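See structure below.
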Amino acid sequence: MQLTVGAWLLKCYPQLGWKIPLLFSLFLTGLVYCGLAYTRGSSGGFFISALYYVAYTWFGLIFLAFCFCAFLAIVCWALSLFHVNTAWMGPLTLVSLALIWSMALWGGFSSPKVKHITVNIPGAPRMKLALLSDTHLGMGVSLARFDKALQKIEAEKPDALLVLGDIFEYGPHSEAYAARLAQVKAPQGSYGVLGNHEYYVGYGDSKEFFRQSAVTLLENASTRMPNGVQVAGLKDIKTAGVSAQEVAHVLDGLDPQTPTILLSHTPLYAETAAAHGANLMLSGHTHNGQLWPFTYLVKLQFPRVYGLFDVDGMPFYITSGVFYWGMPLRFLAPAEIVIVDVNA
C-alpha cells in the first residue's frame with residue numbers, strides 16, 4: 001500500500017526522486033510490522049502504548065491513502081486517454097489526504113455520541129436498554145476513555161445494560177476495566193455475550209472478565225429480567241461455529257407468550273431468530289466498516305451491516321460499536337452508544 005502511495009506521489013511530484021518515497025515506505029513498513037507484533041505480546045507501559053498508537057494509526061492512514069491514490073490513478077489513466085491535463089491531481093492529492101486523515105483521526109479520538117432508537121415489542125413493559133459493544137478495551141482504549149463512555153450510559157439511567165461482545169482486547173489492568181463496568185447499575189440487570197475477540201485473546205480470561213464485570217454471560221442460554229422479559233444470548237456464531245439449528249433450539253426452549261430479546265455478537269441468523277420467537281435482536285461486530293470504503297468488503301460477508309432493520313416483523317439493530325478495533329480511527333462510520341427505547 002505504501003509503495004502504491006509513494007509511486008503516485010512520485011508521478012505527481014517527480015522532483016522528489018525515487019529514493020525518498022522508497023526509503024520512507026520501507027521504514028514505515030518496518031515500524032508498522034514491529035509495532036503490531038511487539039505490542040501484542042507486551043504488558044504495557046508508555047513506550048509500548050506510544051508504539052501501538054503510532055503503528056496502528058499509520059496502518060489505518062496508509063490504507064485510506066492507498067484507496068484514494070489508487071482511485072486517482074485510475075481517473076488519471078482514463079483522462080489521459082482523452083489527453084486531459086492532470087497536473088492538478090498533485091495538489092488535489094495533498095489537500096484531500098489532509099482532509100481525509102483529519103476526519104479519520106477526529107472520528108477515532110472523539111467521544112462516541114449517544115444514539116436513541118425506538119422499537120416496539122408486544123407485551124413488553126416500557127424500558128430503556130443501553131448497548132455496549134465493540135469497545136476493544138486495553139492497549140488501544142484507556143480506562144479514562146472507557147469511564148467517559150460509561151458516564152454517558154449512566155446519565156441515560158437505563159433499565160438494563162446489554163453487552164454485545166469484543167469488550168476487552170489485551171493489555172494491562174483488565175481488573176480495573178472490569179471493576180468500572182461493574183459499577184454500572186441497571187435495575188433490570190446486565191447481560192452479555194462473547195464476541196470473536198474474546199475467543200482470540202483467551203476464552204477463560206474473557207469469561208473471568210465478564211464475571212468481574214458483574215455481567216451475566218449467556219452462551220447459547222437464556223435468563224429472565226426481574227420484569228419478566230426473556231434475554232437469550234448466543235456464542236459467537238463464526239468463532240464458535242453456531243448453527244441455525246442451535247439458534248432455533250435456544251429460542252424454542254423459551255416461553256412463546258413472553259417477550260424475548262436475543263443477543264448475538266455476529267449479525268447472522270436474523271430470519272431464524274424471527275421465525276422462532278425472538279421479538280428483538282441486537283448485534284455488533286461489523287463496526288459499520290470503521291474505515292470507508294472497507295464497509296463494502298464487510299457487506300460481502302454480512303447481508304446487513306449497520307442500522308435498524310425489520311426482519312419478518314422482528315426489529316434487528318446492528319450497532320457500529322463504542323470505539324474501534326486496532327486502528328484508533330473512524331472514517332465515515334462513526335462510533336456510537338446506543339440506547340434502545342422499548343415501547344416508548
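Chain lettering (A, B, ...) mirrors the order of the C-alpha cells, residue numbering begins at 1 for each chain separately, and ligand numbering begins at 1 in order of display.
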
Cut-off 9 Å: closest stretch 135-205 of chain A/stretch 44-63 of chain A atom pairs per residue, using only C-alpha atoms, as JSON lines:
```
{"residue": "A:Met139", "atom": "CA", "partner": "A:Ser49", "partner_atom": "CA", "distance": 6.5}
{"residue": "A:Gly140", "atom": "CA", "partner": "A:Tyr53", "partner_atom": "CA", "distance": 7.2}
{"residue": "A:Gly171", "atom": "CA", "partner": "A:Gly44", "partner_atom": "CA", "distance": 6.0}
{"residue": "A:Pro172", "atom": "CA", "partner": "A:Gly44", "partner_atom": "CA", "distance": 5.9}
```

Next, the residues of the selection above should be written as a CSV table (one decimal), in the first residue's frame with C-alpha atoms.
```
chain,number,residue,atom,x,y,z
A,139,MET,CA,-3.9,-1.2,24.9
A,140,GLY,CA,-5.9,0.8,22.4
A,171,GLY,CA,-3.1,-5.1,27.7
A,172,PRO,CA,-2.7,-4.3,31.4
```

Selection: 10 Å around A:His197, only C-alpha atoms, excl. self and same-chain fewer than 4 positions, as a CSV table (one decimal) with C-alpha atoms, in the first residue's frame:
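Written out: part19.csv:
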```csv
chain,number,residue,atom,x,y,z
A,134,ASP,CA,-17.0,-3.5,20.4
A,136,HIS,CA,-11.8,-3.4,22.4
A,165,GLY,CA,-19.0,-8.7,22.9
A,166,ASP,CA,-15.5,-7.7,21.9
A,167,ILE,CA,-15.2,-5.8,25.1
A,168,PHE,CA,-11.6,-6.3,26.4
A,169,GLU,CA,-8.9,-6.9,23.9
A,170,TYR,CA,-5.5,-7.1,25.5
A,201,VAL,CA,-7.4,-13.4,23.5
A,202,GLY,CA,-8.4,-16.3,25.7
A,203,TYR,CA,-11.7,-17.9,26.4
A,206,SER,CA,-12.7,-13.5,28.8
A,236,ASP,CA,-20.1,-16.1,18.7
A,239,THR,CA,-15.8,-18.4,16.0
A,285,HIS,CA,-19.2,-6.9,15.2
A,325,TRP,CA,-10.6,-2.2,16.7
```

Report task. Could you tell me, as a PyMOL selection string, which residues of stretch 28-233 of chain A DSSP assigns to strand (DSSP E or B) when given the backbone? Result -> chain A and resi 113-119+127-132+137-138+160-163+168-170+190-192+216-217+221-224+230-233

Per-residue nearest contacts of stretch 216-329 of chain A to stretch 175-188 of chain A (8 Å; only C-alpha atoms) as a tab-separated table:
```
residue	atom	partner	partner_atom	distance
A:Met225	CA	A:Gln188	CA	5.5
A:Pro226	CA	A:Gln188	CA	5.7
A:Asn227	CA	A:Gln188	CA	7.0
```

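Between atom CA of A:Asn120 and atom CA of A:Val342 lies a distance of 5.7 Å.
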
Query raised in the report: If you run DSSP on the backbone, which residues of stretch 74-290 of chain A are alpha helix (DSSP H), as a PyMOL selection string?
Result: chain A and resi 74-80+89-109+143-156+174-182+196-201+203-212+244-252+270-275
